[in-house]
Amino acid sequence: MTSRYHRIRLIISLFIIIPIIFLLSTSNLPWQTPGAATAYYSILAFLCVAISASAANRVRMEPTPSNNALFACTGYASIVFSGAAIFYILTEEIPVIHVQTAGIFLNLVALATTGILILLYSSLDQFIKKENSIWERKQTPFILILIGTLIFGVSIVFARLPFDNSVFLITGYLAGIIAVISYLAAALRMYQRRDSIKTNDPFRLMIGFLLFAGASVNHILILPSPTSMWIVSIALIALALIIANIAISYTYLLDISVNENIAYVITIVTTILAIVPFIISHLIEALIGSEVIIDIGATLIVHMGGAMLAGISAYTLYSKLRHYSSPGQIAIISLLLYWMISELAIVFSHFTPAYGFASETLTPYICGSVLSSFLLFLAIRRVLNPHQNKLLSSNSTIILVVIGSPILIFIGELLRTEVIIGIFGITEAVIGLSIMLGLSYISLYCLLTYILLLTASSGGKFTFDSVGAALVSIWVVIIILKTNFGYATPGWWVAEAIMLLSIIGLSLLLLLMYLDETKKFESATVDASLYSELVSNAIVGHQETAIDLLSNLAMDVKMTDDRRDSITLILDKISSANELTRYLQILISGNSFDRSTLETIDAIDSIRCAANRLGIPDSVRQIKDKDRIHGLVLANSLLEDGFYYLLDGVMKRLGSIEVLGIGILEEAPNVEGSIEIVLDIIVGVHKIDESLGFIRRYTEVYPDDVVEFGYAKRLIGLFKGSMKWHSELASGNTLSISVQIVLPSGK
């Protein structure tokens, strides 16, 4: 799957990066403090969450045993690393446990359990051949995650018991050997199956597994006496996760038809978001120290700018949503509105006695973490199941968010002051930061999953929808950063700088996108007007002149019957072209046909002609009540084209038509003077269980996303008709689609 160029580039990069890692380990980087441990584990957790999002989407497409094992592995690793980061925030334990043999033993247990899951991933598809295996069930990865988490939980308790170091040495060496053997065996499997694996990049995964093996070996070496070489293991794991992220996320994007370069950029940007802010923050703190630098002017500018950007982006996305529906987008708009209100709340808090200029409230961030997790989860559900009815309309949701956000922040402040501090006497920063970090990782997983689904629907194009998702992702990164650094420390200011740069960059991007959209609209309007003018004047004039000349020629009494028949046929064709030209004028104008210009035609004949053009055999067509049915409607020849594009879209986008049922209701419900045509279509679809949600998006809620369905909808609309879709699983790998088309009756 990886070209020779990519392989050589990867190997050269490793020869450069690995020596740098060993040099960094000798530069006295902090590794014994809770803050340093939180930062390292935050980076690893971020990377694991990013990979988990791609692995989860891969499972939705192909729920194979290996893919389930891979999702279980990344999910388990995410829990371990994010749990470690939260643990050190909560306990502020000094020294951190990994400076002891028991702590290195604990790391080796995590590596060993992850290695076993990796080995399962590399082997299962080769040994599990039967369909509907237990390894293909939806519950399987979650059961594996639970087992791994329980093993690690028991190991934590074991590591806390006052055993002699020899106990941890023996068990640690055993866990280390299991880890090394598992990773090496998995790497060997990847090499052996490099030509047969198509879902993920086997070469990059092989390199990643070897790096994991190297991290395990390094842990074994420092087990008796932990040193700063522990950083080497963490760096090797991070490097392995970066390579694995490219191997999994990049290939997933390619498989959903995203351009190769765009897919690579998306994957690299995800990696940069995970690593660069943390590295820069800690480098700055290492250079200038961690003293508090209070600048209320800069703080207010950043937060006011963040509020403005979030508000403008929310308004832009909402305006777009009114004209072009996008599933789950209302959740992004709601989060942007909350972000705007929370930034204003932070500005307001600095002018209150409770905070002043010496501290900053965490309540908006904590509430935002809770809200993000909930809304992004709903956004994913909406994308995967667009047919489900909304609980609230878009306008009602917006009003609820605008009113509810300040109330939520106010209630959060009351809980902080009256309950957490007043009753329990707990330092709110510890609880708040832990909640922020834990829920931020959940939000991050949901957000990345949503972005990948959004990328699949847009084909990798950067749209207004993408800007909203990008803004929310930056906000999540800022929240994670702020859990790692105290108020007004250099690390905190890096988070503020990221927000400021985002305000500048994304504001310019929104402006450019708006100007581009305006330019395209104006260009399209001019082109449409010009085309309409050419059609109405030049082309129609030529056609009428040709008709007059041929009519005069046909009056020649000396003309033979054959020649007269040929001229009659030519006149008929030119008249049809002239008629079609008039149709195009109406189509371009955006209007519909006047009832008086339409003729009575049989809709069933139009469906037959459309089916014949597409080569749909008579054997699959089923006309209900064919002896007493009629389908007379007011339309013209474009009706046949409408049915043609509808059926063509089904065949191109979904699969082969196995049954085409045609039914007529002589009186459409609730529409006087109209009839309803019902097309019941059975379509054979590959792996329908995983694709049903996406298919419903195309056939039920947002048919304009598919150009053929958009054509059909517009042509039916020319006759003041309407079209409604419904789809459901029929049986096996077949999908039942019902299309209800209402047209004016021709009786």
# chains A, B, ... in the order shown; residues from 1 in each chain; ligands from 1
>>> residues_around(residues="A:Ile181", least_positions_apart="3", cutoff="10 Å", atoms="only C-alpha atoms", output="ChimeraX atom specification")
/A:112,115-116,119,176-178,184-187,213,216
>>> write_last_selection(atoms="N, CA and C atoms", output="CSV table (one decimal), in the first residue's frame")
chain,number,residue,atom,x,y,z
A,112,ALA,N,2.2,-4.5,27.8
A,112,ALA,CA,1.9,-5.9,27.5
A,112,ALA,C,0.5,-6.2,27.0
A,115,GLY,N,0.1,-4.8,23.7
A,115,GLY,CA,0.7,-5.7,22.7
A,115,GLY,C,-0.1,-6.9,22.4
A,116,ILE,N,-0.8,-7.5,23.4
A,116,ILE,CA,-1.6,-8.6,23.1
A,116,ILE,C,-2.8,-8.2,22.2
A,119,LEU,N,-1.4,-7.9,18.7
A,119,LEU,CA,-1.2,-9.2,18.1
A,119,LEU,C,-2.5,-9.8,17.6
A,176,GLY,N,7.3,-7.4,30.5
A,176,GLY,CA,8.1,-6.8,29.4
A,176,GLY,C,8.4,-7.8,28.3
A,177,ILE,N,8.7,-9.0,28.7
A,177,ILE,CA,8.9,-10.1,27.7
A,177,ILE,C,7.7,-10.3,26.9
A,178,ILE,N,6.5,-10.4,27.5
A,178,ILE,CA,5.2,-10.5,26.8
A,178,ILE,C,5.0,-9.4,25.8
A,184,LEU,N,6.8,-7.7,18.4
A,184,LEU,CA,7.7,-8.3,17.3
A,184,LEU,C,6.9,-9.2,16.5
A,185,ALA,N,6.0,-10.1,17.1
A,185,ALA,CA,5.2,-11.0,16.4
A,185,ALA,C,4.2,-10.3,15.5
A,186,ALA,N,3.6,-9.2,16.0
A,186,ALA,CA,2.7,-8.4,15.3
A,186,ALA,C,3.4,-7.7,14.1
A,187,ALA,N,4.6,-7.2,14.3
A,187,ALA,CA,5.3,-6.6,13.2
A,187,ALA,C,5.7,-7.6,12.1
A,213,ALA,N,8.0,-2.0,20.5
A,213,ALA,CA,8.9,-3.1,21.1
A,213,ALA,C,10.1,-2.4,21.7
A,216,SER,N,9.3,-0.9,24.9
A,216,SER,CA,9.2,-2.0,26.0
A,216,SER,C,10.6,-2.4,26.4
>>> residues_around(residues="A:Leu283", least_positions_apart="4", cutoff="12 Å", atoms="only C-alpha atoms", output="VMD selection string")
chain A and resid 24 27 29 to 30 36 39 276 to 279 287 to 290 490 to 491 494
>>> write_last_selection(atoms="C-alpha atoms", output="compact mmCIF listing (two decimals), in the first residue's frame")
# COMPACT_ATOMS: atom_id res chain seq x y z
CA LEU A 24 16.60 15.16 24.41
CA SER A 27 18.99 17.49 28.34
CA LEU A 29 13.84 17.50 30.68
CA PRO A 30 11.41 17.35 33.63
CA ALA A 36 5.50 16.84 33.40
CA ALA A 39 1.88 16.73 29.82
CA VAL A 276 3.15 21.07 18.93
CA PRO A 277 1.16 23.15 21.49
CA PHE A 278 2.40 20.97 24.37
CA ILE A 279 6.02 20.97 23.18
CA LEU A 287 13.45 28.70 29.00
CA ILE A 288 11.78 31.48 31.00
CA GLY A 289 10.42 29.61 34.02
CA SER A 290 6.87 29.24 35.24
CA PRO A 490 3.83 30.83 30.05
CA GLY A 491 2.01 27.59 29.15
CA VAL A 494 0.55 29.71 24.76
>>> closest_residue(among="A:Gln100, A:Ser66, A:Ser249, A:Ser466", to="A:Leu317", atoms="only C-alpha atoms")
A:Ser466
>>> atom_distance(atom1="atom CA of A:His350", atom2="atom CA of A:Leu433")
19.4 Å
>>> atom_distance(atom1="atom CA of A:Leu47", atom2="atom CA of A:Tyr445")
10.3 Å
>>> residues_around(residues="A:Tyr645", least_positions_apart="6", cutoff="8 Å", atoms="only C-alpha atoms", output="ChimeraX atom specification")
/A:708-709,711-712
>>> write_last_selection(atoms="C-alpha atoms", output="PDB file, in the first residue's frame")
ATOM      1  CA  GLU A 708     -28.945  12.861  -9.899  1.00  0.00           C
ATOM      2  CA  PHE A 709     -31.422  13.178  -7.028  1.00  0.00           C
ATOM      3  CA  TYR A 711     -31.917  16.907 -10.921  1.00  0.00           C
ATOM      4  CA  ALA A 712     -34.948  14.698 -10.311  1.00  0.00           C
TER       5      ALA A 712
END
>>> residues_around(residues="stretch 341-348 of chain A", least_positions_apart="3", cutoff="6 Å", atoms="only C-alpha atoms", output="JSON, numbers by chain")
{"A": [303, 307, 338, 351, 364]}
>>> atom_distance(atom1="atom CA of A:Ala298", atom2="atom CA of A:Ile474")
19.1 Å
>>> residues_around(residues="A:Gly673", least_positions_apart="6", cutoff="9 Å", atoms="only C-alpha atoms", output="PDB file with C-alpha atoms, in the first residue's frame")
ATOM      1  CA  GLU A 667     -56.139  11.302  -5.050  1.00  0.00           C
ATOM      2  CA  LEU A 743     -48.084  15.646  -9.362  1.00  0.00           C
ATOM      3  CA  PRO A 744     -51.106  17.635 -10.609  1.00  0.00           C
ATOM      4  CA  SER A 745     -53.791  15.282 -11.903  1.00  0.00           C
ATOM      5  CA  GLY A 746     -54.485  15.191 -15.632  1.00  0.00           C
ATOM      6  CA  LYS A 747     -58.043  13.843 -15.329  1.00  0.00           C
TER       7      LYS A 747
END
